[in-house]
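So the structure is just underneath, and the comments pick up after that.
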Number of protein chains: 2
Amino acid sequence: MSRQIRFGLFLLGTGSHISGWRLPGAIDGFEDISEITAICQEAERGLFDLIFMGDNLNADPAAHPSYCSRLEPLTMLSAVAMNTRHVGLGATASTTYGDPWTLARGFASLDHISGGRAAWNSVTTSNPQAAANFGTTHPDHARRYEMSGEFIEVVKKLWGAWDEGALVKDPESGTYFDAGKIHAVDHEGPFFKVKGPVNISRPPQGRPLILQAGGSEPGQELAAKHADVVFTVTQDRGEAAEFYAGLKARLQKNGRRESDLVILPGVMPVVGHTEAEARAKLARLMSFVDDETALGMLSERFNTDLRGHNLDGPIPDLGKNDAYHAFAKAMLSKAKRENMTLRDLYSLVAAARGHWVLCGSAEQVADTLQEWFESGAADGFNVMPGWFMDGFTDFIDLVLPILQERGLYKTAYAEGTLRDKLGLPA
Amino acid sequence: MSRQIRFGLFLLGTGSHISGWRLPGAIDGFEDISEITAICQEAERGLFDLIFMGDNLNADPAAHPSYCSRLEPLTMLSAVAMNTRHVGLGATASTTYGDPWTLARGFASLDHISGGRAAWNSVTTSNPQAAANFGTTHPDHARRYEMSGEFIEVVKKLWGAWDEGALVKDPESGTYFDAGKIHAVDHEGPFFKVKGPVNISRPPQGRPLILQAGGSEPGQELAAKHADVVFTVTQDRGEAAEFYAGLKARLQKNGRRESDLVILPGVMPVVGHTEAEARAKLARLMSFVDDETALGMLSERFNTDLRGHNLDGPIPDLGKNDAYHAFAKAMLSKAKRENMTLRDLYSLVAAARGHWVLCGSAEQVADTLQEWFESGAADGFNVMPGWFMDGFTDFIDLVLPILQERGLYKTAYAEGTLRDKLGLPA
Ligand SMILES: Cc1cc2nc3c(=O)[nH]c(=O)nc-3n(C[C@H](O)[C@H](O)[C@H](O)COP(=O)(O)O)c2cc1C
Ligand SMILES: Cc1cc2nc3c(=O)[nH]c(=O)nc-3n(C[C@H](O)[C@H](O)[C@H](O)COP(=O)(O)O)c2cc1C
């Protein structure tokens, strides 16, 4: 079979568009497990490879309002696992606030519960507001990545602490396990000291998938070493292709093949039967955006208070900002190319939090995705519907059949664990 | 309606009896979510009030062998929530290893997922082996309880940080929440500093239930202040009644009524149609116990290596031991009353990890439970089947109908949240 486009579904709050929840009939919260399950079942109907649940460790009313209240990712996806069968379940968890033993155990548990579908979106937590919930101060960018590298190492060791066949369970002899197949990890590093093992046997996938989304230099180094899937922010195919080639080139020195890492740019599709219909949908969405909410989110994204600036003037100096490196870079590069005002910039952020908005007829959307896929800019896409359900259903019903017809997208799930399905090495 | 007996189901590993998994047809692991769900559905068929999932933060092969590998409690119970409707879901989590923000959030999430059925078994973690998994040293008993008191205070504050009605979600005005109804908690104490709020709205129960199992002096003080349900270890009705009266007497000074705290001694029932049948079942179970496994568990329970002692001699001096205060007290008191050998003591531990074994015909078991319930020794019981499924089903099918006939046990679930069902104040 030829190379196939991969699709992830990004889930957080009511969808990526800041005002999507205001559309009549749209889902208006992210705490109702029946609604969330319905979304994930819809992803499964669309043969999506992976659900990707974002997370933050603070409730910031200034950011996307519907992102303030949500279920905790591991509990949510364990519940979702019970009513889905194939789709991967990716939960965000931080390497800055948390500990490797608890995290390794939690994801191993999700992997057992879901029959080998767990994935960990490993983030360093960029929002400095998190620190105050943990009685500490926010480490700087470099230190967060140093911690993260060690954290991931420990987690991998813990997942490997139980060999296959460690649980013998022989009722005749009374032997419950083979102690020689359960190992301490005895990790001691600059940041973590963990004896192990975990109190759960080897995860069905051996190692749950590791997802990663940091685009900075140390972020890419980390991804090249540890990540199975990378999720990126981009506004431009040229930039995406450059990033793609650069990241793939880093794999070899880690003894990995190019196909061992799946790169998925984030995209918010707005799809219609015709281009005009799609444009009208997007215009309608944008009509619900108000200055205050949008500037709040922009301020959060750039970690700089932008309220009070002239909206129709040039974009003010946003200072040095280590919090959202990849977002800032992608957005400011586009803003410069297109000579944007502050209002243009906030509209860009309001639409999909800085991610790429792809608006057009189903054919146009399919063409563009194919073009990115075939020109070395992407292995697939992390789809970020602006609202649910129809912002997502449109994409499944209108775009996917075109890609299937072109032989670019699977028509059924493969068997096996998530790792098997994606053809990733163990 | 007259006062009703409450039942919890204690879940950990393959059941309480150390060798229960060796019985033909018995469940032999605790990582398969379908088997676990089936057990929880069986509890619901028996109208159990609560599932109580124990936990430890280490994998100690010397303890109960089947307790070494298990699902993580919050992920497990979130999955169970999807296929049960009424039974309470109690997960153990530690106040010594972990942080209040993450814990408050996780249980709030389980409460949303389950429609108001979450309960937190708040433990201080007695096994010192846990420390090495968190790169730290084990605080002593007194300090663990000081930390615990503050930890629980913070968690309660975080659960209360979102007022009811904080999520407005008015599509007309675009108002998503009422910021005046979301509060920082700004906690600063000797052990924890937490700003808050959590990023999840008020749990459906307002406050998920707090369960507690520590029987020492500070353990009881903590329970009198914070717990909704207390789970005890006892081998004797007289001792249980004394504990019961003492703990209830502590409530008033905290402004609480006696009925605000439910006390459930742990019991492993072994039930037959006749006493002889029950005795035969227990003898069969005990025939599977071997010296090494049982001494391993006894050593773990007393935090003292007892291998190599004469099994038919007197019980050696067990030294001072702050790890399992309540277990040690209950077991040694019974051992003294009955002039036990070391072998007798390990048999006691092997049967139900030190908990009370109640073996007899269904009538006898029902009579004894009724006697405890009516004589001020218990509000109900935490049932600890020795093995699954029939070690549990026997109890449901043979004992519960007798208690129902006597008007001592409900014949249907009440409506509402777990807190509503148990008539506990918010
Ligand atoms: C597409 C994308 C999605 C992200 N999702 C999350 C998230 O859900 N939670 C989080 O804490 N950080 C998230 N991040 C932040 C990154 O994990 C990382 O902390 C941030 O981008 C800063 O690292 P960098 O400088 O390497 O880009 C995301 C970043 C990107 C680019
Ligand atoms: C019946 C009972 C059940 C318990 N279950 C657990 C458990 O699942 N996990 C845990 O870490 N501790 C558990 N404990 C330990 C207690 O939470 C507590 O740490 C221990 O009893 C020491 O405290 P104490 O001296 O106040 O009794 C249990 C204790 C009792 C008596």
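In the structure tokens, each chain is lettered A, B, ... as it comes, each chain's residues begin at 1, and ligands are numbered from 1 in order of appearance.
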Within 7 Å of region 61-67 of chain B, counting only C-alpha atoms, which residues show up once you throw out same-chain ones fewer than 2 positions away? Write them as a short mmCIF file (atom, residue, chain, number, x, y, z; two decimals) with N, CA, C and O atoms, in the first residue's frame, please.
data_model
loop_
_atom_site.label_atom_id
_atom_site.label_comp_id
_atom_site.auth_asym_id
_atom_site.auth_seq_id
_atom_site.Cartn_x
_atom_site.Cartn_y
_atom_site.Cartn_z
N TYR A 176 2.87 -16.92 41.14
CA TYR A 176 2.08 -15.84 40.56
C TYR A 176 2.89 -15.06 39.53
O TYR A 176 2.38 -14.71 38.48
N LEU B 12 -8.98 -5.12 45.30
CA LEU B 12 -7.54 -5.00 45.06
C LEU B 12 -7.06 -6.38 44.66
O LEU B 12 -7.34 -7.36 45.35
N GLY B 13 -6.36 -6.45 43.55
CA GLY B 13 -5.85 -7.74 43.11
C GLY B 13 -6.99 -8.72 42.89
O GLY B 13 -8.12 -8.35 42.57
N THR B 14 -6.68 -9.97 43.12
CA THR B 14 -7.64 -11.04 42.79
C THR B 14 -8.62 -11.30 43.93
O THR B 14 -9.42 -12.22 43.85
N ILE B 18 -5.05 -14.68 50.03
CA ILE B 18 -3.76 -14.68 49.34
C ILE B 18 -3.70 -15.71 48.21
O ILE B 18 -2.96 -15.53 47.23
N GLY B 29 -6.22 -12.05 37.90
CA GLY B 29 -5.45 -10.82 37.72
C GLY B 29 -6.34 -9.62 37.93
O GLY B 29 -7.56 -9.77 38.11
N ALA B 59 5.60 -1.77 44.09
CA ALA B 59 5.26 -3.15 43.71
C ALA B 59 6.11 -4.05 44.59
O ALA B 59 7.31 -4.19 44.36
N SER B 69 0.50 -5.97 40.62
CA SER B 69 0.22 -5.38 39.31
C SER B 69 -1.27 -5.09 39.22
O SER B 69 -2.09 -5.95 39.50
N ARG B 70 -1.56 -3.89 38.87
CA ARG B 70 -2.98 -3.48 38.83
C ARG B 70 -3.12 -2.21 38.02
O ARG B 70 -2.15 -1.49 37.80
N GLY B 296 5.83 -13.92 53.75
CA GLY B 296 6.16 -12.70 53.02
C GLY B 296 5.13 -11.63 53.32
O GLY B 296 5.46 -10.48 53.65
N MET B 297 3.87 -12.00 53.24
CA MET B 297 2.84 -11.01 53.49
C MET B 297 2.83 -10.56 54.94
O MET B 297 2.66 -9.37 55.24
N GLU B 300 5.47 -8.10 55.47
CA GLU B 300 5.10 -6.81 54.89
C GLU B 300 4.13 -6.08 55.83
O GLU B 300 4.30 -4.90 56.12
#
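Within 6 Å of chain B, and using only C-alpha atoms, the residues found on chain A are A:Arg22, A:Ile33, A:Asn58, A:Ala59, A:Cys68, A:Ser69, A:Arg70, A:Leu71, A:Glu72, A:Thr75, A:Ser78, A:Ala79, A:Ser109, A:Ile113, A:Ala132, A:Asn133, A:Phe134, A:Gly135, A:Pro171, A:Lys193, A:Val194, A:Lys195, A:Gly196, A:Asn199, A:Ile200, A:Ser201.
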> Mind listing the residues within 6 Å of ligand 2, only C-alpha atoms and all ligand atoms counted, as a count of residues only?
Replying inline: 21
> Can you list, as a list in words, every protein, DNA or RNA residue that comes within 8 Å of Leu298 (chain B) when you count only C-alpha atoms, leaving out same-chain residues fewer than 6 positions away?
Replying inline: Ala63, Leu306, Tyr346, Val349 and Ala350 of chain B
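Minimum atom-to-atom distance to ligand 1, evaluated using only C-alpha atoms and all ligand atoms, belongs to A:Gln212 out of A:Gln205, A:Ser2, A:Thr37, A:Gln212.
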>> So that I can see what lies close to region 261-277 of chain A, please list as a PyMOL selection string the residues with an atom at most 7 Å from it, counting only C-alpha atoms and leaving out residues fewer than 4 positions away in the same chain.
In response: chain A and resi 227-234+281-282+352+355-362+378-386+391+394-395
Hey, can you spit out that residue selection with C-alpha atoms as a PDB file, in the first residue's frame?
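What landed in selection_7.pdb:
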ATOM      1  CA  ALA A 227       8.711  11.140  19.761  1.00  0.00           C
ATOM      2  CA  ASP A 228       6.570   8.848  17.621  1.00  0.00           C
ATOM      3  CA  VAL A 229       4.312  11.685  16.466  1.00  0.00           C
ATOM      4  CA  VAL A 230       4.987  15.409  16.277  1.00  0.00           C
ATOM      5  CA  PHE A 231       2.267  17.969  16.121  1.00  0.00           C
ATOM      6  CA  THR A 232       3.250  21.342  14.661  1.00  0.00           C
ATOM      7  CA  VAL A 233       1.933  24.847  14.236  1.00  0.00           C
ATOM      8  CA  THR A 234       2.393  26.363  10.819  1.00  0.00           C
ATOM      9  CA  LYS A 281     -19.364  29.609   7.386  1.00  0.00           C
ATOM     10  CA  LEU A 282     -16.059  31.142   8.342  1.00  0.00           C
ATOM     11  CA  ALA A 352      -7.733  28.526  15.608  1.00  0.00           C
ATOM     12  CA  HIS A 355      -3.123  27.311  13.797  1.00  0.00           C
ATOM     13  CA  TRP A 356      -3.626  27.190  10.084  1.00  0.00           C
ATOM     14  CA  VAL A 357      -7.178  27.771   8.852  1.00  0.00           C
ATOM     15  CA  LEU A 358      -7.997  25.960   5.621  1.00  0.00           C
ATOM     16  CA  CYS A 359     -11.262  27.178   4.171  1.00  0.00           C
ATOM     17  CA  GLY A 360     -12.727  26.008   0.897  1.00  0.00           C
ATOM     18  CA  SER A 361     -14.803  23.507  -0.970  1.00  0.00           C
ATOM     19  CA  ALA A 362     -14.215  19.839  -0.172  1.00  0.00           C
ATOM     20  CA  ALA A 378       3.395  16.641   6.306  1.00  0.00           C
ATOM     21  CA  ASP A 379       2.712  12.960   6.999  1.00  0.00           C
ATOM     22  CA  GLY A 380      -0.850  13.880   7.829  1.00  0.00           C
ATOM     23  CA  PHE A 381      -2.664  16.484   9.857  1.00  0.00           C
ATOM     24  CA  ASN A 382      -3.942  17.199  13.309  1.00  0.00           C
ATOM     25  CA  VAL A 383      -7.474  18.288  12.558  1.00  0.00           C
ATOM     26  CA  MET A 384      -8.776  21.014  14.857  1.00  0.00           C
ATOM     27  CA  PRO A 385     -12.470  21.520  14.184  1.00  0.00           C
ATOM     28  CA  GLY A 386     -13.643  25.013  15.001  1.00  0.00           C
ATOM     29  CA  GLY A 391     -17.457  21.532  12.059  1.00  0.00           C
ATOM     30  CA  ASP A 394     -18.331  18.206   7.359  1.00  0.00           C
ATOM     31  CA  PHE A 395     -14.699  17.229   7.121  1.00  0.00           C
TER      32      PHE A 395
END
